[in-house]
$ cat protein02.txt   # compact mmCIF, N, CA and C atoms
# COMPACT_ATOMS: atom_id res chain seq x y z
N MET R 1 -73.20 -14.11 92.12
CA MET R 1 -72.56 -14.55 93.34
C MET R 1 -73.08 -15.95 93.66
N ASN R 2 -72.16 -16.87 93.95
CA ASN R 2 -72.61 -18.21 94.29
C ASN R 2 -72.89 -18.33 95.80
N LYS R 3 -73.39 -19.49 96.18
CA LYS R 3 -73.83 -19.70 97.56
C LYS R 3 -72.68 -19.53 98.57
N VAL R 4 -71.53 -20.09 98.27
CA VAL R 4 -70.39 -19.99 99.20
C VAL R 4 -69.95 -18.54 99.35
N GLU R 5 -69.89 -17.80 98.26
CA GLU R 5 -69.51 -16.39 98.32
C GLU R 5 -70.50 -15.62 99.19
N PHE R 6 -71.78 -15.90 99.01
CA PHE R 6 -72.82 -15.25 99.81
C PHE R 6 -72.64 -15.58 101.29
N ILE R 7 -72.37 -16.85 101.58
CA ILE R 7 -72.18 -17.28 102.97
C ILE R 7 -70.98 -16.59 103.60
N VAL R 8 -69.89 -16.48 102.87
CA VAL R 8 -68.67 -15.85 103.41
C VAL R 8 -68.95 -14.38 103.77
N LEU R 9 -69.58 -13.64 102.88
CA LEU R 9 -69.91 -12.25 103.19
C LEU R 9 -70.89 -12.18 104.35
N SER R 10 -71.84 -13.10 104.39
CA SER R 10 -72.81 -13.13 105.49
C SER R 10 -72.14 -13.38 106.83
N ILE R 11 -71.17 -14.28 106.85
CA ILE R 11 -70.44 -14.58 108.10
C ILE R 11 -69.76 -13.32 108.62
N LEU R 12 -69.09 -12.61 107.73
CA LEU R 12 -68.40 -11.38 108.15
C LEU R 12 -69.41 -10.38 108.71
N TYR R 13 -70.51 -10.22 108.02
CA TYR R 13 -71.53 -9.24 108.43
C TYR R 13 -72.20 -9.65 109.74
N GLN R 14 -72.64 -10.89 109.84
CA GLN R 14 -73.36 -11.36 111.02
C GLN R 14 -72.49 -11.39 112.28
N ASN R 15 -71.18 -11.52 112.08
CA ASN R 15 -70.26 -11.54 113.22
C ASN R 15 -69.62 -10.17 113.46
N GLU R 16 -70.23 -9.15 112.87
CA GLU R 16 -69.84 -7.76 113.06
C GLU R 16 -68.38 -7.46 112.69
N ALA R 17 -67.88 -8.20 111.71
CA ALA R 17 -66.54 -7.93 111.19
C ALA R 17 -66.69 -6.82 110.14
N VAL R 18 -66.87 -5.60 110.65
CA VAL R 18 -67.16 -4.46 109.78
C VAL R 18 -66.10 -3.36 109.86
N SER R 19 -65.00 -3.64 110.54
CA SER R 19 -63.91 -2.67 110.61
C SER R 19 -62.59 -3.41 110.77
N ARG R 20 -61.48 -2.69 110.58
CA ARG R 20 -60.15 -3.31 110.64
C ARG R 20 -59.91 -4.06 111.96
N LEU R 21 -60.41 -3.50 113.06
CA LEU R 21 -60.14 -4.12 114.36
C LEU R 21 -61.08 -5.27 114.70
N LYS R 22 -62.13 -5.43 113.92
CA LYS R 22 -63.10 -6.49 114.19
C LYS R 22 -63.05 -7.61 113.15
N GLY R 23 -62.00 -7.62 112.33
CA GLY R 23 -61.88 -8.61 111.26
C GLY R 23 -61.77 -10.04 111.76
N LEU R 24 -62.10 -10.97 110.88
CA LEU R 24 -62.01 -12.39 111.17
C LEU R 24 -60.93 -13.02 110.30
N SER R 25 -60.22 -13.98 110.87
CA SER R 25 -59.21 -14.71 110.10
C SER R 25 -59.89 -15.82 109.29
N VAL R 26 -59.16 -16.40 108.37
CA VAL R 26 -59.68 -17.51 107.57
C VAL R 26 -60.10 -18.65 108.50
N LYS R 27 -59.28 -18.95 109.51
CA LYS R 27 -59.62 -20.02 110.45
C LYS R 27 -60.89 -19.69 111.22
N ASP R 28 -61.05 -18.42 111.61
CA ASP R 28 -62.28 -18.00 112.31
C ASP R 28 -63.50 -18.28 111.45
N ILE R 29 -63.42 -17.90 110.19
CA ILE R 29 -64.55 -18.08 109.28
C ILE R 29 -64.88 -19.56 109.12
N LEU R 30 -63.85 -20.37 108.95
CA LEU R 30 -64.07 -21.81 108.78
C LEU R 30 -64.59 -22.46 110.06
N THR R 31 -64.28 -21.88 111.20
CA THR R 31 -64.78 -22.40 112.48
C THR R 31 -66.26 -22.04 112.66
N ILE R 32 -66.63 -20.85 112.25
CA ILE R 32 -68.01 -20.37 112.41
C ILE R 32 -68.97 -21.18 111.54
N GLU R 33 -68.57 -21.44 110.31
CA GLU R 33 -69.45 -22.13 109.36
C GLU R 33 -68.71 -23.32 108.77
N LYS R 34 -69.37 -24.45 108.73
CA LYS R 34 -68.77 -25.65 108.13
C LYS R 34 -68.81 -25.50 106.61
N LEU R 35 -67.81 -24.87 106.06
CA LEU R 35 -67.70 -24.73 104.61
C LEU R 35 -66.81 -25.84 104.10
N ASN R 36 -67.15 -26.39 102.99
CA ASN R 36 -66.35 -27.46 102.42
C ASN R 36 -65.23 -26.85 101.57
N LEU R 37 -64.41 -26.04 102.25
CA LEU R 37 -63.31 -25.35 101.58
C LEU R 37 -62.01 -25.54 102.35
N LYS R 38 -60.93 -25.53 101.63
CA LYS R 38 -59.62 -25.51 102.27
C LYS R 38 -59.28 -24.06 102.61
N GLU R 39 -58.41 -23.89 103.59
CA GLU R 39 -58.02 -22.53 104.01
C GLU R 39 -57.52 -21.71 102.82
N ASN R 40 -56.69 -22.31 101.98
CA ASN R 40 -56.12 -21.59 100.85
C ASN R 40 -57.19 -21.14 99.86
N THR R 41 -58.19 -21.99 99.64
CA THR R 41 -59.28 -21.64 98.73
C THR R 41 -60.07 -20.46 99.27
N LEU R 42 -60.38 -20.50 100.56
CA LEU R 42 -61.11 -19.39 101.18
C LEU R 42 -60.28 -18.11 101.14
N TYR R 43 -58.99 -18.22 101.42
CA TYR R 43 -58.10 -17.06 101.37
C TYR R 43 -58.13 -16.42 99.98
N LYS R 44 -58.05 -17.24 98.94
CA LYS R 44 -58.09 -16.71 97.57
C LYS R 44 -59.41 -16.02 97.30
N GLN R 45 -60.51 -16.58 97.80
CA GLN R 45 -61.82 -15.95 97.60
C GLN R 45 -61.87 -14.60 98.29
N LEU R 46 -61.34 -14.54 99.51
CA LEU R 46 -61.32 -13.27 100.25
C LEU R 46 -60.47 -12.23 99.53
N LYS R 47 -59.35 -12.66 98.94
CA LYS R 47 -58.50 -11.73 98.19
C LYS R 47 -59.23 -11.23 96.93
N THR R 48 -60.02 -12.09 96.30
CA THR R 48 -60.83 -11.67 95.15
C THR R 48 -61.86 -10.64 95.60
N PHE R 49 -62.54 -10.92 96.72
CA PHE R 49 -63.49 -9.95 97.27
C PHE R 49 -62.79 -8.63 97.58
N GLN R 50 -61.56 -8.71 98.05
CA GLN R 50 -60.81 -7.50 98.37
C GLN R 50 -60.58 -6.68 97.09
N GLN R 51 -60.21 -7.34 96.01
CA GLN R 51 -60.00 -6.65 94.73
C GLN R 51 -61.30 -6.01 94.22
N GLN R 52 -62.43 -6.64 94.53
CA GLN R 52 -63.73 -6.13 94.11
C GLN R 52 -64.24 -5.04 95.04
N GLY R 53 -63.55 -4.84 96.17
CA GLY R 53 -63.94 -3.81 97.12
C GLY R 53 -64.97 -4.25 98.15
N PHE R 54 -65.30 -5.55 98.18
CA PHE R 54 -66.31 -6.06 99.12
C PHE R 54 -65.74 -6.40 100.48
N VAL R 55 -64.43 -6.60 100.54
CA VAL R 55 -63.76 -7.01 101.78
C VAL R 55 -62.49 -6.17 101.93
N GLY R 56 -62.16 -5.83 103.18
CA GLY R 56 -60.93 -5.12 103.47
C GLY R 56 -60.04 -5.99 104.35
N THR R 57 -58.75 -5.68 104.38
CA THR R 57 -57.83 -6.39 105.24
C THR R 57 -57.80 -5.73 106.60
N GLY R 58 -58.02 -6.53 107.63
CA GLY R 58 -58.03 -6.02 108.98
C GLY R 58 -56.66 -6.10 109.63
N ALA R 59 -56.65 -5.83 110.92
CA ALA R 59 -55.42 -5.93 111.70
C ALA R 59 -55.01 -7.39 111.79
N LYS R 60 -53.72 -7.64 111.87
CA LYS R 60 -53.24 -9.02 111.98
C LYS R 60 -53.62 -9.60 113.33
N GLU R 61 -53.88 -10.90 113.31
CA GLU R 61 -54.18 -11.66 114.52
C GLU R 61 -53.04 -12.66 114.65
N GLY R 62 -52.00 -12.28 115.38
CA GLY R 62 -50.78 -13.07 115.37
C GLY R 62 -50.14 -12.90 114.01
N LYS R 63 -49.92 -14.02 113.31
CA LYS R 63 -49.38 -13.95 111.95
C LYS R 63 -50.48 -13.94 110.89
N ALA R 64 -51.71 -14.24 111.31
CA ALA R 64 -52.81 -14.37 110.37
C ALA R 64 -53.42 -13.02 110.00
N LEU R 65 -53.72 -12.87 108.71
CA LEU R 65 -54.47 -11.70 108.27
C LEU R 65 -55.92 -11.86 108.68
N THR R 66 -56.58 -10.75 108.91
CA THR R 66 -58.02 -10.79 109.15
C THR R 66 -58.71 -9.99 108.06
N PHE R 67 -59.99 -10.25 107.90
CA PHE R 67 -60.77 -9.61 106.86
C PHE R 67 -62.08 -9.11 107.44
N TYR R 68 -62.58 -8.02 106.86
CA TYR R 68 -63.87 -7.47 107.28
C TYR R 68 -64.65 -7.07 106.03
N ILE R 69 -65.96 -7.02 106.17
CA ILE R 69 -66.82 -6.64 105.06
C ILE R 69 -66.89 -5.11 104.99
N THR R 70 -66.75 -4.58 103.79
CA THR R 70 -66.80 -3.13 103.58
C THR R 70 -68.24 -2.69 103.33
N LYS R 71 -68.44 -1.38 103.24
CA LYS R 71 -69.78 -0.86 102.92
C LYS R 71 -70.25 -1.38 101.56
N ALA R 72 -69.32 -1.47 100.61
CA ALA R 72 -69.67 -2.01 99.28
C ALA R 72 -70.07 -3.48 99.39
N GLY R 73 -69.39 -4.21 100.27
CA GLY R 73 -69.73 -5.62 100.48
C GLY R 73 -71.10 -5.77 101.12
N ILE R 74 -71.41 -4.91 102.07
CA ILE R 74 -72.73 -4.94 102.71
C ILE R 74 -73.81 -4.63 101.68
N LYS R 75 -73.55 -3.64 100.83
CA LYS R 75 -74.51 -3.29 99.79
C LYS R 75 -74.73 -4.47 98.84
N LYS R 76 -73.65 -5.13 98.44
CA LYS R 76 -73.74 -6.30 97.55
C LYS R 76 -74.54 -7.41 98.22
N LEU R 77 -74.29 -7.65 99.49
CA LEU R 77 -75.01 -8.67 100.25
C LEU R 77 -76.50 -8.34 100.29
N GLU R 78 -76.83 -7.09 100.55
CA GLU R 78 -78.24 -6.67 100.60
C GLU R 78 -78.90 -6.80 99.22
N GLU R 79 -78.16 -6.49 98.16
CA GLU R 79 -78.70 -6.64 96.80
C GLU R 79 -79.01 -8.10 96.51
N GLU R 80 -78.09 -8.99 96.91
CA GLU R 80 -78.29 -10.43 96.68
C GLU R 80 -79.50 -10.92 97.45
N GLN R 81 -79.67 -10.45 98.69
CA GLN R 81 -80.81 -10.86 99.50
C GLN R 81 -82.11 -10.34 98.87
N ALA R 82 -82.10 -9.13 98.36
CA ALA R 82 -83.29 -8.55 97.72
C ALA R 82 -83.68 -9.32 96.47
N ASN R 83 -82.67 -9.79 95.74
CA ASN R 83 -82.92 -10.54 94.51
C ASN R 83 -83.54 -11.91 94.78
N GLU R 84 -83.32 -12.42 95.98
CA GLU R 84 -83.89 -13.71 96.36
C GLU R 84 -85.36 -13.59 96.70
N GLY R 85 -85.77 -12.43 97.20
CA GLY R 85 -87.14 -12.26 97.68
C GLY R 85 -88.05 -11.81 96.63
$ encode --input "protein02.txt" --output "structure tokens"
Amino acid sequence: MNKVEFIVLSILYQNEAVSRLKGLSVKDILTIEKLNLKENTLYKQLKTFQQQGFVGTGAKEGKALTFYITKAGIKKLEEEQANEG
């Protein structure tokens, strides 16, 4: 997992986006953290995480999809943090 991927999962976790109703949109994530990413790039990363089971699709916020970290994503995040220490 690279640094940006770690940061994205961390943002979801730290902002309690852990269920469908608490999901964050791509714009929310980019507002919370100054990532040097375009919206489309972040969206593609979130969709990849979704395929891996680390992120789920939340309730829509207007027309925007929202995303939340799953239990598997939290476990992956904790494993990455443990590997750093």
$ select_by_dssp --input "protein02.txt" --residues "chain R" --states "alpha helix (DSSP H)" --output "ChimeraX atom specification"
/R:3-14,26-32,39-52,71-84
$ write_last_selection --input "protein02.txt" --atoms "N, CA and C atoms" --output "short mmCIF file (atom, residue, chain, number, x, y, z; two decimals), in the coordinates of the input"
data_model
loop_
_atom_site.label_atom_id
_atom_site.label_comp_id
_atom_site.auth_asym_id
_atom_site.auth_seq_id
_atom_site.Cartn_x
_atom_site.Cartn_y
_atom_site.Cartn_z
N LYS R 3 -73.39 -19.49 96.18
CA LYS R 3 -73.83 -19.70 97.56
C LYS R 3 -72.68 -19.53 98.57
N VAL R 4 -71.53 -20.09 98.27
CA VAL R 4 -70.39 -19.99 99.20
C VAL R 4 -69.95 -18.54 99.35
N GLU R 5 -69.89 -17.80 98.26
CA GLU R 5 -69.51 -16.39 98.32
C GLU R 5 -70.50 -15.62 99.19
N PHE R 6 -71.78 -15.90 99.01
CA PHE R 6 -72.82 -15.25 99.81
C PHE R 6 -72.64 -15.58 101.29
N ILE R 7 -72.37 -16.85 101.58
CA ILE R 7 -72.18 -17.28 102.97
C ILE R 7 -70.98 -16.59 103.60
N VAL R 8 -69.89 -16.48 102.87
CA VAL R 8 -68.67 -15.85 103.41
C VAL R 8 -68.95 -14.38 103.77
N LEU R 9 -69.58 -13.64 102.88
CA LEU R 9 -69.91 -12.25 103.19
C LEU R 9 -70.89 -12.18 104.35
N SER R 10 -71.84 -13.10 104.39
CA SER R 10 -72.81 -13.13 105.49
C SER R 10 -72.14 -13.38 106.83
N ILE R 11 -71.17 -14.28 106.85
CA ILE R 11 -70.44 -14.58 108.10
C ILE R 11 -69.76 -13.32 108.62
N LEU R 12 -69.09 -12.61 107.73
CA LEU R 12 -68.40 -11.38 108.15
C LEU R 12 -69.41 -10.38 108.71
N TYR R 13 -70.51 -10.22 108.02
CA TYR R 13 -71.53 -9.24 108.43
C TYR R 13 -72.20 -9.65 109.74
N GLN R 14 -72.64 -10.89 109.84
CA GLN R 14 -73.36 -11.36 111.02
C GLN R 14 -72.49 -11.39 112.28
N VAL R 26 -59.16 -16.40 108.37
CA VAL R 26 -59.68 -17.51 107.57
C VAL R 26 -60.10 -18.65 108.50
N LYS R 27 -59.28 -18.95 109.51
CA LYS R 27 -59.62 -20.02 110.45
C LYS R 27 -60.89 -19.69 111.22
N ASP R 28 -61.05 -18.42 111.61
CA ASP R 28 -62.28 -18.00 112.31
C ASP R 28 -63.50 -18.28 111.45
N ILE R 29 -63.42 -17.90 110.19
CA ILE R 29 -64.55 -18.08 109.28
C ILE R 29 -64.88 -19.56 109.12
N LEU R 30 -63.85 -20.37 108.95
CA LEU R 30 -64.07 -21.81 108.78
C LEU R 30 -64.59 -22.46 110.06
N THR R 31 -64.28 -21.88 111.20
CA THR R 31 -64.78 -22.40 112.48
C THR R 31 -66.26 -22.04 112.66
N ILE R 32 -66.63 -20.85 112.25
CA ILE R 32 -68.01 -20.37 112.41
C ILE R 32 -68.97 -21.18 111.54
N GLU R 39 -58.41 -23.89 103.59
CA GLU R 39 -58.02 -22.53 104.01
C GLU R 39 -57.52 -21.71 102.82
N ASN R 40 -56.69 -22.31 101.98
CA ASN R 40 -56.12 -21.59 100.85
C ASN R 40 -57.19 -21.14 99.86
N THR R 41 -58.19 -21.99 99.64
CA THR R 41 -59.28 -21.64 98.73
C THR R 41 -60.07 -20.46 99.27
N LEU R 42 -60.38 -20.50 100.56
CA LEU R 42 -61.11 -19.39 101.18
C LEU R 42 -60.28 -18.11 101.14
N TYR R 43 -58.99 -18.22 101.42
CA TYR R 43 -58.10 -17.06 101.37
C TYR R 43 -58.13 -16.42 99.98
N LYS R 44 -58.05 -17.24 98.94
CA LYS R 44 -58.09 -16.71 97.57
C LYS R 44 -59.41 -16.02 97.30
N GLN R 45 -60.51 -16.58 97.80
CA GLN R 45 -61.82 -15.95 97.60
C GLN R 45 -61.87 -14.60 98.29
N LEU R 46 -61.34 -14.54 99.51
CA LEU R 46 -61.32 -13.27 100.25
C LEU R 46 -60.47 -12.23 99.53
N LYS R 47 -59.35 -12.66 98.94
CA LYS R 47 -58.50 -11.73 98.19
C LYS R 47 -59.23 -11.23 96.93
N THR R 48 -60.02 -12.09 96.30
CA THR R 48 -60.83 -11.67 95.15
C THR R 48 -61.86 -10.64 95.60
N PHE R 49 -62.54 -10.92 96.72
CA PHE R 49 -63.49 -9.95 97.27
C PHE R 49 -62.79 -8.63 97.58
N GLN R 50 -61.56 -8.71 98.05
CA GLN R 50 -60.81 -7.50 98.37
C GLN R 50 -60.58 -6.68 97.09
N GLN R 51 -60.21 -7.34 96.01
CA GLN R 51 -60.00 -6.65 94.73
C GLN R 51 -61.30 -6.01 94.22
N GLN R 52 -62.43 -6.64 94.53
CA GLN R 52 -63.73 -6.13 94.11
C GLN R 52 -64.24 -5.04 95.04
N LYS R 71 -68.44 -1.38 103.24
CA LYS R 71 -69.78 -0.86 102.92
C LYS R 71 -70.25 -1.38 101.56
N ALA R 72 -69.32 -1.47 100.61
CA ALA R 72 -69.67 -2.01 99.28
C ALA R 72 -70.07 -3.48 99.39
N GLY R 73 -69.39 -4.21 100.27
CA GLY R 73 -69.73 -5.62 100.48
C GLY R 73 -71.10 -5.77 101.12
N ILE R 74 -71.41 -4.91 102.07
CA ILE R 74 -72.73 -4.94 102.71
C ILE R 74 -73.81 -4.63 101.68
N LYS R 75 -73.55 -3.64 100.83
CA LYS R 75 -74.51 -3.29 99.79
C LYS R 75 -74.73 -4.47 98.84
N LYS R 76 -73.65 -5.13 98.44
CA LYS R 76 -73.74 -6.30 97.55
C LYS R 76 -74.54 -7.41 98.22
N LEU R 77 -74.29 -7.65 99.49
CA LEU R 77 -75.01 -8.67 100.25
C LEU R 77 -76.50 -8.34 100.29
N GLU R 78 -76.83 -7.09 100.55
CA GLU R 78 -78.24 -6.67 100.60
C GLU R 78 -78.90 -6.80 99.22
N GLU R 79 -78.16 -6.49 98.16
CA GLU R 79 -78.70 -6.64 96.80
C GLU R 79 -79.01 -8.10 96.51
N GLU R 80 -78.09 -8.99 96.91
CA GLU R 80 -78.29 -10.43 96.68
C GLU R 80 -79.50 -10.92 97.45
N GLN R 81 -79.67 -10.45 98.69
CA GLN R 81 -80.81 -10.86 99.50
C GLN R 81 -82.11 -10.34 98.87
N ALA R 82 -82.10 -9.13 98.36
CA ALA R 82 -83.29 -8.55 97.72
C ALA R 82 -83.68 -9.32 96.47
N ASN R 83 -82.67 -9.79 95.74
CA ASN R 83 -82.92 -10.54 94.51
C ASN R 83 -83.54 -11.91 94.78
N GLU R 84 -83.32 -12.42 95.98
CA GLU R 84 -83.89 -13.71 96.36
C GLU R 84 -85.36 -13.59 96.70
#
$ closest_residue --input "protein02.txt" --among "R:Leu77, R:Ile29, R:Leu37, R:Leu65" --to "Phe6 in chain R" --atoms "only N, CA and C atoms"
R:Leu77
$ closest_residue --input "protein02.txt" --among "R:Ile7, R:Val55, R:Met1, R:Val26" --to "Ile69 in chain R" --atoms "all atoms listed in the file"
R:Val55
$ closest_residue --input "protein02.txt" --among "R:Asn2, R:Thr66, R:Thr31, R:Ile11" --to "Tyr43 in chain R" --atoms "only C-alpha atoms"
R:Thr66
$ select_by_dssp --input "protein02.txt" --residues "range 30-82 of chain R" --states "strand (DSSP E)" --output "count of residues only"
7
$ residues_around --input "protein02.txt" --residues "Phe54 in chain R" --least-positions-apart "4" --cutoff "8 Å" --atoms "all atoms listed in the file" --output "list of chain:residue names"
R:Leu9, R:Leu46, R:Thr48, R:Phe49, R:Gln50, R:Tyr68, R:Ile69, R:Thr70, R:Lys71, R:Ala72, R:Gly73, R:Ile74, R:Lys75, R:Lys76
$ atom_distance --input "protein02.txt" --atom1 "CA of Glu79 in chain R" --atom2 "CA of Glu5 in chain R"
13.5 Å
$ atom_distance --input "protein02.txt" --atom1 "CA of Asn36 in chain R" --atom2 "atom N of Val8 in chain R"
11.5 Å
$ atom_distance --input "protein02.txt" --atom1 "CA of Glu80 in chain R" --atom2 "CA of Ala59 in chain R"
27.7 Å
